$ cat input-v3.tsv   # TSV, C-alpha atoms
chain	number	residue	atom	x	y	z
A	128	MET	CA	0.00	0.00	0.00
A	129	THR	CA	1.42	3.37	-0.95
A	130	VAL	CA	1.85	6.30	1.42
A	131	ASP	CA	-0.94	8.16	-0.30
A	132	GLU	CA	-3.36	5.25	0.16
A	133	THR	CA	-2.37	4.92	3.80
A	134	THR	CA	-3.24	8.53	4.55
A	135	ARG	CA	-6.40	8.44	2.42
A	136	THR	CA	-7.95	5.30	3.96
A	137	VAL	CA	-8.25	3.74	7.39
A	138	SER	CA	-8.72	0.13	8.42
A	139	ALA	CA	-12.15	-1.34	9.09
A	140	ALA	CA	-11.45	-1.59	12.83
A	141	ARG	CA	-10.35	2.04	13.00
A	142	ALA	CA	-13.39	3.14	10.98
A	143	ALA	CA	-15.77	1.32	13.33
A	144	GLU	CA	-14.07	2.98	16.30
A	145	GLU	CA	-14.35	6.46	14.81
A	146	LEU	CA	-18.01	5.89	13.88
A	147	GLU	CA	-18.71	4.59	17.41
A	148	LEU	CA	-20.13	1.33	16.08
A	149	LYS	CA	-19.77	-2.17	17.46
A	150	ARG	CA	-18.30	-4.82	15.21
A	151	GLU	CA	-21.68	-6.35	14.30
A	152	GLU	CA	-23.17	-2.90	13.70
A	153	PHE	CA	-20.29	-1.95	11.41
A	154	ARG	CA	-20.65	-5.21	9.47
A	155	LEU	CA	-24.34	-4.65	8.91
A	156	ALA	CA	-23.83	-1.01	7.94
A	157	VAL	CA	-21.35	-2.05	5.23
A	158	ARG	CA	-23.62	-4.84	3.98
A	159	MET	CA	-26.59	-2.47	3.80
A	160	GLY	CA	-24.58	0.08	1.85
A	161	LEU	CA	-24.64	2.71	4.60
A	162	ILE	CA	-20.81	2.74	4.69
A	163	ARG	CA	-18.85	2.60	1.44
A	164	THR	CA	-15.60	0.65	1.54
A	165	VAL	CA	-12.64	0.54	-0.84
A	166	PRO	CA	-12.17	-2.67	-2.87
A	167	VAL	CA	-8.67	-4.12	-2.56
A	168	PRO	CA	-7.68	-6.55	-5.35
A	169	ASP	CA	-5.50	-9.44	-4.33
A	170	PRO	CA	-2.72	-10.94	-6.52
A	171	GLU	CA	-5.34	-13.09	-8.31
A	172	GLY	CA	-7.20	-10.03	-9.50
A	173	THR	CA	-10.31	-10.60	-7.39
A	174	LEU	CA	-11.55	-9.09	-4.16
A	175	ARG	CA	-10.78	-11.57	-1.44
A	176	ASP	CA	-10.78	-11.70	2.32
A	177	ARG	CA	-7.14	-11.42	3.22
A	178	GLY	CA	-7.81	-12.96	6.61
A	179	SER	CA	-9.57	-16.21	5.70
A	180	GLY	CA	-8.67	-16.82	2.07
A	181	ARG	CA	-12.25	-17.76	1.15
A	182	GLY	CA	-14.61	-15.40	-0.54
A	183	ARG	CA	-14.89	-11.68	-0.16
A	184	VAL	CA	-15.66	-9.92	3.10
A	185	PRO	CA	-16.55	-6.29	2.29
A	186	GLU	CA	-16.69	-5.26	5.94
A	187	ARG	CA	-12.94	-5.91	6.26
A	188	ARG	CA	-11.98	-3.51	3.51
A	189	PRO	CA	-10.56	-0.09	4.31
A	190	VAL	CA	-12.73	3.01	4.40
A	191	GLU	CA	-11.83	6.32	2.82
A	192	ARG	CA	-11.28	9.24	5.13
A	193	ALA	CA	-13.76	11.27	3.05
A	194	GLU	CA	-16.45	8.65	3.73
A	195	LEU	CA	-15.86	8.91	7.47
A	196	ASP	CA	-16.07	12.70	7.31
A	197	ARG	CA	-19.37	12.44	5.41
A	198	LEU	CA	-20.92	10.14	8.00
A	199	LYS	CA	-19.69	12.13	10.98
A	200	ALA	CA	-21.02	15.35	9.45
A	201	ALA	CA	-24.63	14.07	9.68
A	202	PRO	CA	-26.72	16.04	12.21
A	203	ASP	CA	-27.88	12.86	14.00
A	204	PHE	CA	-24.41	11.27	14.27
A	205	PRO	CA	-23.70	8.91	15.96
A	206	ASP	CA	-27.14	7.94	17.28
A	207	GLY	CA	-28.80	8.06	13.87
A	208	LEU	CA	-26.31	5.71	12.24
A	209	ARG	CA	-26.39	3.35	15.18
A	210	GLU	CA	-30.20	3.26	15.14
A	211	ARG	CA	-30.30	2.41	11.43
A	212	VAL	CA	-28.27	-0.76	12.05
A	213	ARG	CA	-29.72	-1.79	15.40
A	214	MET	CA	-30.93	-5.41	15.35
A	215	VAL	CA	-33.75	-6.73	17.53
A	216	GLY	CA	-35.26	-10.12	18.18
A	217	ALA	CA	-38.89	-11.08	17.72
A	218	GLY	CA	-39.86	-10.09	21.26
A	219	GLU	CA	-38.35	-6.62	21.07
A	220	ALA	CA	-39.70	-6.15	17.53
A	221	ALA	CA	-43.21	-6.98	18.76
A	222	GLY	CA	-42.75	-4.38	21.48
A	223	LEU	CA	-41.80	-1.74	18.90
A	224	LEU	CA	-45.03	-2.48	17.02
A	225	GLY	CA	-47.17	-2.72	20.15
A	226	ILE	CA	-48.41	-6.22	19.30
A	227	THR	CA	-48.06	-9.63	20.88
A	228	HIS	CA	-45.14	-11.93	20.21
A	229	ALA	CA	-47.48	-14.47	18.58
A	230	ARG	CA	-48.92	-11.91	16.15
A	231	PHE	CA	-45.46	-10.75	15.16
A	232	GLY	CA	-44.46	-14.36	14.51
A	233	ARG	CA	-47.47	-14.80	12.22
A	234	LEU	CA	-46.51	-11.67	10.25
A	235	ALA	CA	-42.88	-12.74	9.98
A	236	ARG	CA	-43.65	-16.31	8.89
A	237	THR	CA	-46.01	-15.07	6.16
A	238	GLY	CA	-43.27	-12.87	4.70
A	239	HIS	CA	-44.25	-9.39	5.86
A	240	LEU	CA	-40.87	-8.77	7.53
A	241	SER	CA	-37.47	-9.95	6.35
A	242	PRO	CA	-34.82	-11.06	8.87
A	243	VAL	CA	-31.36	-9.62	8.50
A	244	ARG	CA	-29.50	-12.25	10.51
A	245	PHE	CA	-29.99	-15.50	12.41
A	246	TYR	CA	-28.16	-17.53	15.00
A	247	LEU	CA	-28.75	-20.75	16.92
A	248	ASN	CA	-29.02	-20.70	20.70
A	249	ARG	CA	-27.78	-23.38	23.07
A	250	TYR	CA	-30.85	-25.51	22.30
A	251	ARG	CA	-30.23	-25.24	18.54
A	252	THR	CA	-33.31	-23.07	18.12
A	253	VAL	CA	-33.11	-20.57	15.27
A	254	ILE	CA	-33.26	-16.98	16.50
A	255	TRP	CA	-34.11	-14.44	13.81
A	256	LEU	CA	-33.00	-10.82	14.06
A	257	TYR	CA	-34.59	-7.83	12.35
A	258	VAL	CA	-33.52	-4.23	11.72
A	259	ALA	CA	-35.33	-2.09	14.27
A	260	ALA	CA	-35.77	0.81	11.85
A	261	GLU	CA	-37.42	-1.49	9.30
A	262	VAL	CA	-39.78	-2.89	11.91
A	263	THR	CA	-40.85	0.61	12.91
A	264	ALA	CA	-41.33	1.62	9.28
A	265	PHE	CA	-43.46	-1.48	8.68
A	266	GLY	CA	-45.77	-0.51	11.52
A	267	GLU	CA	-46.18	3.00	10.12
A	268	GLU	CA	-46.95	1.72	6.61
A	269	HIS	CA	-49.28	-1.16	7.55
A	270	PRO	CA	-51.24	-0.17	10.66
A	271	ALA	CA	-54.17	-2.39	9.65
A	272	LEU	CA	-52.04	-5.51	10.19
A	273	LEU	CA	-51.27	-4.58	13.78
A	274	SER	CA	-54.78	-4.91	15.17
A	275	GLY	CA	-58.00	-6.75	14.44
A	276	ARG	CA	-58.31	-9.89	12.39
A	277	LEU	CA	-55.59	-10.62	9.87
A	278	PRO	CA	-56.59	-10.62	6.17
A	279	ALA	CA	-57.82	-13.86	4.65
A	280	ALA	CA	-54.71	-14.22	2.48
A	281	VAL	CA	-52.50	-14.12	5.56
A	282	ARG	CA	-54.66	-16.65	7.37
A	283	GLU	CA	-54.60	-19.01	4.38
A	284	ARG	CA	-50.80	-18.90	4.15
A	285	GLU	CA	-50.56	-19.50	7.86
A	286	ALA	CA	-52.98	-22.43	7.60
A	287	ALA	CA	-50.75	-23.90	4.90
A	288	ARG	CA	-47.88	-23.73	7.45
A	289	GLU	CA	-45.77	-21.47	5.28
A	290	ASP	CA	-42.63	-20.06	6.83
A	291	LEU	CA	-40.87	-17.57	4.57
A	292	ARG	CA	-38.34	-16.28	7.10
A	293	ALA	CA	-35.46	-18.42	5.82
A	294	ARG	CA	-36.27	-17.69	2.17
A	295	ASN	CA	-36.54	-13.95	2.82
A	296	TRP	CA	-33.25	-14.03	4.70
A	297	ARG	CA	-31.55	-15.83	1.78
A	298	THR	CA	-32.88	-13.26	-0.68
A	299	ARG	CA	-31.64	-10.44	1.46
A	300	HIS	CA	-28.32	-12.13	2.19
A	301	LEU	CA	-27.67	-12.64	-1.51
A	302	ALA	CA	-28.52	-9.01	-2.27
A	303	LEU	CA	-26.05	-7.87	0.37
A	304	LEU	CA	-23.36	-10.17	-1.05
A	305	LEU	CA	-23.88	-8.94	-4.59
A	306	ARG	CA	-23.68	-5.37	-3.39
A	307	GLY	CA	-20.19	-6.05	-2.04
A	308	GLY	CA	-18.36	-5.81	-5.39
A	309	ASP	CA	-18.40	-6.04	-9.15
A	310	ASP	CA	-16.16	-9.05	-9.83
A	311	PRO	CA	-18.32	-11.32	-12.06
A	312	TRP	CA	-16.85	-14.61	-10.81
A	313	ALA	CA	-17.35	-13.61	-7.18
A	314	ARG	CA	-20.96	-12.67	-7.97
A	315	ALA	CA	-21.50	-16.10	-9.53
A	316	ALA	CA	-19.93	-17.71	-6.45
A	317	ALA	CA	-22.34	-15.79	-4.21
A	318	ILE	CA	-25.31	-17.17	-6.15
A	319	ALA	CA	-23.84	-20.69	-6.13
A	320	SER	CA	-23.46	-20.55	-2.33
A	321	LEU	CA	-27.27	-20.82	-2.02
A	322	LEU	CA	-27.47	-24.02	-4.08
A	323	ASP	CA	-26.79	-27.63	-3.25
A	324	PRO	CA	-23.58	-29.08	-4.77
A	325	VAL	CA	-25.68	-31.35	-6.97
A	326	GLN	CA	-27.55	-28.35	-8.36
A	327	ILE	CA	-24.26	-26.53	-8.97
A	328	ALA	CA	-22.82	-29.52	-10.85
A	329	GLU	CA	-25.86	-29.61	-13.13
A	330	VAL	CA	-25.46	-25.94	-14.03
A	331	VAL	CA	-21.65	-25.76	-14.07
A	332	ASP	CA	-20.38	-28.81	-15.93
A	333	ASP	CA	-16.76	-27.63	-16.08
A	334	PRO	CA	-14.84	-28.94	-13.03
A	335	TYR	CA	-12.32	-26.09	-13.25
A	336	GLU	CA	-15.10	-23.53	-13.04
A	337	ARG	CA	-16.68	-25.36	-10.10
A	338	ALA	CA	-13.34	-25.37	-8.29
A	339	TYR	CA	-12.91	-21.65	-8.93
A	340	LEU	CA	-16.42	-20.89	-7.66
A	341	ASP	CA	-15.65	-22.86	-4.53
A	342	ARG	CA	-12.47	-20.84	-3.99
A	343	LEU	CA	-14.50	-17.62	-4.24
A	344	ARG	CA	-17.35	-18.86	-2.07
A	345	PRO	CA	-18.39	-16.09	0.34
A	346	ALA	CA	-17.50	-16.45	3.97
A	347	PRO	CA	-20.31	-17.77	6.20
A	348	PRO	CA	-22.55	-15.12	7.76
A	349	PRO	CA	-21.66	-13.89	11.27
A	350	GLY	CA	-22.57	-16.34	13.99
A	351	PHE	CA	-22.58	-19.34	11.64
A	352	PRO	CA	-21.92	-22.57	13.61
A	353	VAL	CA	-18.59	-24.26	12.95
A	354	ALA	CA	-19.54	-27.93	13.29
A	355	GLY	CA	-21.98	-30.37	14.82
A	356	ALA	CA	-25.75	-30.58	14.67
A	357	ALA	CA	-26.05	-26.79	14.78
A	358	ARG	CA	-23.99	-26.58	11.58
A	359	GLU	CA	-26.37	-28.97	9.83
A	360	VAL	CA	-29.35	-26.82	10.80
A	361	ALA	CA	-27.60	-23.67	9.59
A	362	ASP	CA	-26.62	-25.32	6.29
A	363	ARG	CA	-30.27	-26.10	5.60
A	364	LEU	CA	-31.20	-22.48	6.21
A	365	VAL	CA	-28.52	-21.15	3.87
A	366	ARG	CA	-29.43	-23.36	0.89
A	367	ALA	CA	-32.53	-22.86	-1.21
A	368	ASP	CA	-35.14	-25.55	-0.62
A	369	ASP	CA	-38.26	-24.43	-2.50
A	370	PRO	CA	-38.49	-25.68	-6.13
A	371	ASP	CA	-39.20	-22.28	-7.65
A	372	GLU	CA	-36.48	-20.67	-5.54
A	373	ILE	CA	-33.98	-23.31	-6.70
A	374	LEU	CA	-34.99	-22.75	-10.32
A	375	TRP	CA	-34.58	-18.99	-9.94
A	376	HIS	CA	-31.06	-19.32	-8.51
A	377	ARG	CA	-30.08	-21.86	-11.18
A	378	MET	CA	-31.12	-19.44	-13.91
A	379	SER	CA	-29.34	-16.58	-12.13
A	380	LEU	CA	-26.18	-18.68	-11.84
A	381	ALA	CA	-26.25	-19.55	-15.55
A	382	LEU	CA	-26.57	-15.88	-16.49
A	383	ALA	CA	-23.84	-14.87	-14.03
A	384	LEU	CA	-21.52	-17.51	-15.51
A	385	ASP	CA	-22.01	-16.08	-19.00
A	386	GLU	CA	-20.92	-12.67	-17.72
A	387	ALA	CA	-17.97	-14.14	-15.82
A	388	ARG	CA	-16.72	-16.15	-18.80
A	389	ALA	CA	-16.88	-13.06	-20.98
A	390	ALA	CA	-14.66	-11.23	-18.46
A	391	ARG	CA	-12.05	-13.98	-17.97
A	392	GLN	CA	-11.79	-17.75	-17.93
A	393	ALA	CA	-11.63	-19.85	-14.79
A	394	PRO	CA	-8.03	-20.83	-14.00
A	395	TYR	CA	-6.59	-24.23	-13.32
A	396	PRO	CA	-6.16	-25.00	-9.61
A	397	GLY	CA	-3.11	-23.05	-8.50
A	398	GLU	CA	-3.05	-20.91	-11.64
A	399	ARG	CA	-3.48	-17.13	-11.49
A	400	PRO	CA	-6.66	-16.01	-13.30
A	401	TRP	CA	-5.90	-13.70	-16.19
A	402	PRO	CA	-8.07	-10.61	-16.64
A	403	ALA	CA	-10.19	-10.18	-19.74
A	404	GLY	CA	-8.22	-9.00	-22.72
A	405	GLU	CA	-4.90	-10.27	-21.35
A	406	SER	CA	-3.49	-13.43	-22.89
A	407	ALA	CA	-1.87	-15.97	-20.62
A	408	PRO	CA	1.76	-16.94	-21.31
A	409	ALA	CA	2.48	-20.30	-22.83
A	410	HIS	CA	3.88	-21.69	-19.59
A	411	ALA	CA	0.55	-21.01	-17.80
A	412	ALA	CA	-0.97	-24.20	-19.21
A	413	PRO	CA	-0.05	-27.68	-17.93
A	414	ALA	CA	2.15	-29.74	-20.20
A	415	HIS	CA	-0.42	-32.50	-20.61
A	416	ALA	CA	-3.28	-30.25	-21.70
A	417	VAL	CA	-5.22	-31.40	-24.78
A	418	PRO	CA	-8.00	-29.79	-26.85
A	419	ALA	CA	-11.47	-29.44	-25.44
A	420	GLU	CA	-14.18	-32.04	-26.04
A	421	PRO	CA	-15.79	-32.06	-29.50
A	422	GLY	CA	-18.97	-30.05	-29.66
A	423	ARG	CA	-18.02	-27.72	-26.78
A	424	PRO	CA	-17.01	-24.12	-27.43
A	425	PRO	CA	-13.45	-23.25	-26.49
A	426	ALA	CA	-13.33	-22.35	-22.80
A	427	ARG	CA	-10.62	-19.71	-23.21
A	428	PRO	CA	-8.57	-18.02	-25.95
A	429	PRO	CA	-6.39	-20.64	-27.67
A	430	ILE	CA	-2.79	-20.76	-26.54
A	431	SER	CA	-0.04	-23.22	-27.18
A	432	PRO	CA	-0.29	-25.89	-25.93
A	433	PRO	CA	-4.11	-26.06	-25.54
A	434	VAL	CA	-5.21	-25.45	-21.99
A	435	ARG	CA	-8.37	-27.49	-21.36
A	436	PRO	CA	-8.12	-31.27	-21.01
A	437	PRO	CA	-11.24	-33.31	-21.74
A	438	SER	CA	-13.42	-33.65	-18.65
A	439	ARG	CA	-14.05	-37.33	-17.99
A	440	PRO	CA	-14.52	-39.19	-14.73
A	441	ARG	CA	-11.45	-41.37	-15.16
A	442	GLY	CA	-8.55	-41.59	-17.51
A	443	ARG	CA	-4.83	-42.18	-17.84
A	444	VAL	CA	-2.47	-39.31	-18.41
A	445	GLY	CA	-0.52	-39.67	-21.62
A	446	ARG	CA	3.13	-40.68	-21.70
A	447	PRO	CA	5.38	-37.74	-20.77
A	448	PRO	CA	7.31	-36.22	-23.68
A	449	GLY	CA	10.79	-37.56	-24.20
A	450	ARG	CA	10.04	-41.15	-23.21
A	451	GLY	CA	9.57	-43.90	-25.71
A	452	PRO	CA	7.48	-47.00	-25.27
A	453	GLY	CA	10.48	-48.96	-24.09
A	454	THR	CA	11.67	-46.45	-21.52
A	455	ARG	CA	8.53	-46.15	-19.42
A	456	GLY	CA	9.25	-46.93	-15.77
A	457	PRO	CA	6.96	-49.07	-13.63
A	458	GLY	CA	3.98	-47.19	-12.26
A	459	LEU	CA	2.60	-47.30	-8.74
A	460	LEU	CA	0.06	-50.03	-9.46
A	461	GLU	CA	2.74	-52.09	-11.22
A	462	ARG	CA	4.97	-51.88	-8.16
A	463	ILE	CA	2.06	-52.87	-5.91
A	464	ARG	CA	1.34	-55.92	-8.07
A	465	ARG	CA	4.96	-56.98	-7.89
A	466	SER	CA	4.95	-56.71	-4.11
A	467	LEU	CA	1.91	-59.01	-3.67
A	468	PRO	CA	2.82	-62.50	-2.43
A	469	GLY	CA	2.71	-65.10	-5.20
A	470	ARG	CA	1.89	-62.51	-7.88
A	471	THR	CA	4.12	-61.25	-10.67
A	472	ALA	CA	3.55	-58.49	-13.16
A	473	GLY	CA	1.89	-59.71	-16.32
A	474	ALA	CA	0.48	-62.93	-14.84
A	475	GLY	CA	-2.85	-63.92	-13.32
A	476	TRP	CA	-5.43	-61.36	-12.32
A	477	GLY	CA	-2.70	-58.82	-11.78
A	478	ALA	CA	-2.36	-58.45	-15.54
A	479	ARG	CA	-6.05	-57.65	-16.18
A	480	ARG	CA	-6.74	-54.25	-17.67
A	481	ASP	CA	-9.43	-53.42	-15.16
A	482	TRP	CA	-6.71	-53.46	-12.46
A	483	ARG	CA	-5.07	-50.61	-14.29
$ encode --input "input-v3.tsv" --output "structure tokens"
Amino acid sequence: MTVDETTRTVSAARAAEELELKREEFRLAVRMGLIRTVPVPDPEGTLRDRGSGRGRVPERRPVERAELDRLKAAPDFPDGLRERVRMVGAGEAAGLLGITHARFGRLARTGHLSPVRFYLNRYRTVIWLYVAAEVTAFGEEHPALLSGRLPAAVREREAAREDLRARNWRTRHLALLLRGGDDPWARAAAIASLLDPVQIAEVVDDPYERAYLDRLRPAPPPGFPVAGAAREVADRLVRADDPDEILWHRMSLALALDEARAARQAPYPGERPWPAGESAPAHAAPAHAVPAEPGRPPARPPISPPVRPPSRPRGRVGRPPGRGPGTRGPGLLERIRRSLPGRTAGAGWGARRDWR
């Protein structure tokens, strides 16, 4: 980082301190777009979390000094900014609306309010959190839902045992992730993070692209369990489960992949991705690469040697250059066959091709 950048920006921790925000409040403010951060490209050309190595974490990026001055110049600073990112549970949200906890739960399950975060308590019960300012605004805009009998449409959805809290959270979570940056591959990875691996494999048939999307997978949301039964519950909440929701994300992922491929091609594992318009050097491709499968469009600009081997579940790598048929050394399986008691290479079942 240059001297000019050091004086022009401050770290995320320092920015939160100057704005008098707690860590969770600062995270939410960045995700909601209330605080603009500065993207920092890593050596691979994408915006990554320098702390974890997986995905992008916008709330860890530096903040420009001018942005801090703009926020601190607001007449209601710091209480106004803190109130806009204050999170409340269902009980406190019901108190803000002046309704019972049960009525608030009915409104939340039928999709009238969207959670901004969740966590699991010690009993592995899902606790949903809402933005207090949004809860108050909902009460001002829909006073008829706060008293009297709920509309018939709401009662029918409740009778059908619909619970849209997880789906609304996923929609909001994805919107906050996509707001974090403009890298097309990272945007596609954000969409893929809401799909099951089987669904991703059906949309993304290239294993190199799937590996790259996994490398760019966003970090789990704050408070996400690390392991155990709580992690299984949280995984189910993060992934789309409704058929039309799955279809929507599959279509969104396919469109995002088209944009990402137009920008640059997915690299091999361990290879630096090359930006759009820049041609990779010849040594960037593995020595055993062969042309792509017939009928498939070329995955990247042609270089020498070709860079995309055919994707097949199993196969044997060709003989390295410089070795003739008579100079090939014994492979690992050949040495294992020789070491078996009573077995020799080229005899018995050890010589069958399916052993190879």
$ closest_atom_pairs --input "input-v3.tsv" --of "region 298-318 of chain A" --to "region 344-365 of chain A" --cutoff "9 Å" --atoms "all atoms listed in the file" --output "Markdown table"
| residue | atom | partner | partner_atom | distance |
| --- | --- | --- | --- | --- |
| A:His300 | CA | A:Pro348 | CA | 8.6 |
| A:Leu304 | CA | A:Pro345 | CA | 7.9 |
| A:Ala313 | CA | A:Arg344 | CA | 7.3 |
| A:Ala315 | CA | A:Arg344 | CA | 9.0 |
| A:Ala316 | CA | A:Arg344 | CA | 5.2 |
| A:Ala317 | CA | A:Pro345 | CA | 6.0 |
$ residues_around --input "input-v3.tsv" --residues "Thr237 (chain A)" --least-positions-apart "5" --cutoff "8 Å" --atoms "only C-alpha atoms" --output "list in words"
Val281, Arg284, Glu285, Glu289, Asp290, Leu291 and Arg292 of chain A
$ write_last_selection --input "input-v3.tsv" --atoms "C-alpha atoms" --output "CSV table (one decimal), in the frame of the given file"
chain,number,residue,atom,x,y,z
A,281,VAL,CA,-52.5,-14.1,5.6
A,284,ARG,CA,-50.8,-18.9,4.2
A,285,GLU,CA,-50.6,-19.5,7.9
A,289,GLU,CA,-45.8,-21.5,5.3
A,290,ASP,CA,-42.6,-20.1,6.8
A,291,LEU,CA,-40.9,-17.6,4.6
A,292,ARG,CA,-38.3,-16.3,7.1
$ atom_distance --input "input-v3.tsv" --atom1 "CA of Leu321 (chain A)" --atom2 "CA of Ala383 (chain A)"
13.8 Å
$ atom_distance --input "input-v3.tsv" --atom1 "CA of Gly266 (chain A)" --atom2 "CA of Ala235 (chain A)"
12.7 Å
$ atom_distance --input "input-v3.tsv" --atom1 "CA of Asp341 (chain A)" --atom2 "CA of Pro324 (chain A)"
10.1 Å
$ residues_around --input "input-v3.tsv" --residues "Val331 (chain A)" --least-positions-apart "3" --cutoff "12 Å" --atoms "only C-alpha atoms" --output "PyMOL selection string"
chain A and resi 315-316+319+322+324-328+334-341+377-378+380-385+388+393
$ closest_residue --input "input-v3.tsv" --among "A:Ala140, A:Ala200, A:Leu208, A:Ala193" --to "Ala156 (chain A)" --atoms "all atoms listed in the file"
A:Leu208
$ closest_residue --input "input-v3.tsv" --among "A:Ala279, A:Val165, A:Leu198, A:Val212" --to "Phe153 (chain A)" --atoms "all atoms listed in the file"
A:Val212
$ closest_residue --input "input-v3.tsv" --among "A:Leu343, A:Ile254, A:Ala280, A:Ile373" --to "Arg294 (chain A)" --atoms "all atoms listed in the file"
A:Ile373
$ closest_residue --input "input-v3.tsv" --among "A:Met159, A:Leu195, A:Ala143, A:Ala286" --to "Ala302 (chain A)" --atoms "all atoms listed in the file"
A:Met159
$ residues_around --input "input-v3.tsv" --residues "Glu261 (chain A)" --least-positions-apart "6" --cutoff "10 Å" --atoms "only C-alpha atoms" --output "list of chain:residue names"
A:Arg211, A:Val212, A:Arg213, A:Met214, A:Ala220, A:Leu240, A:Ser241, A:Pro242, A:Glu267
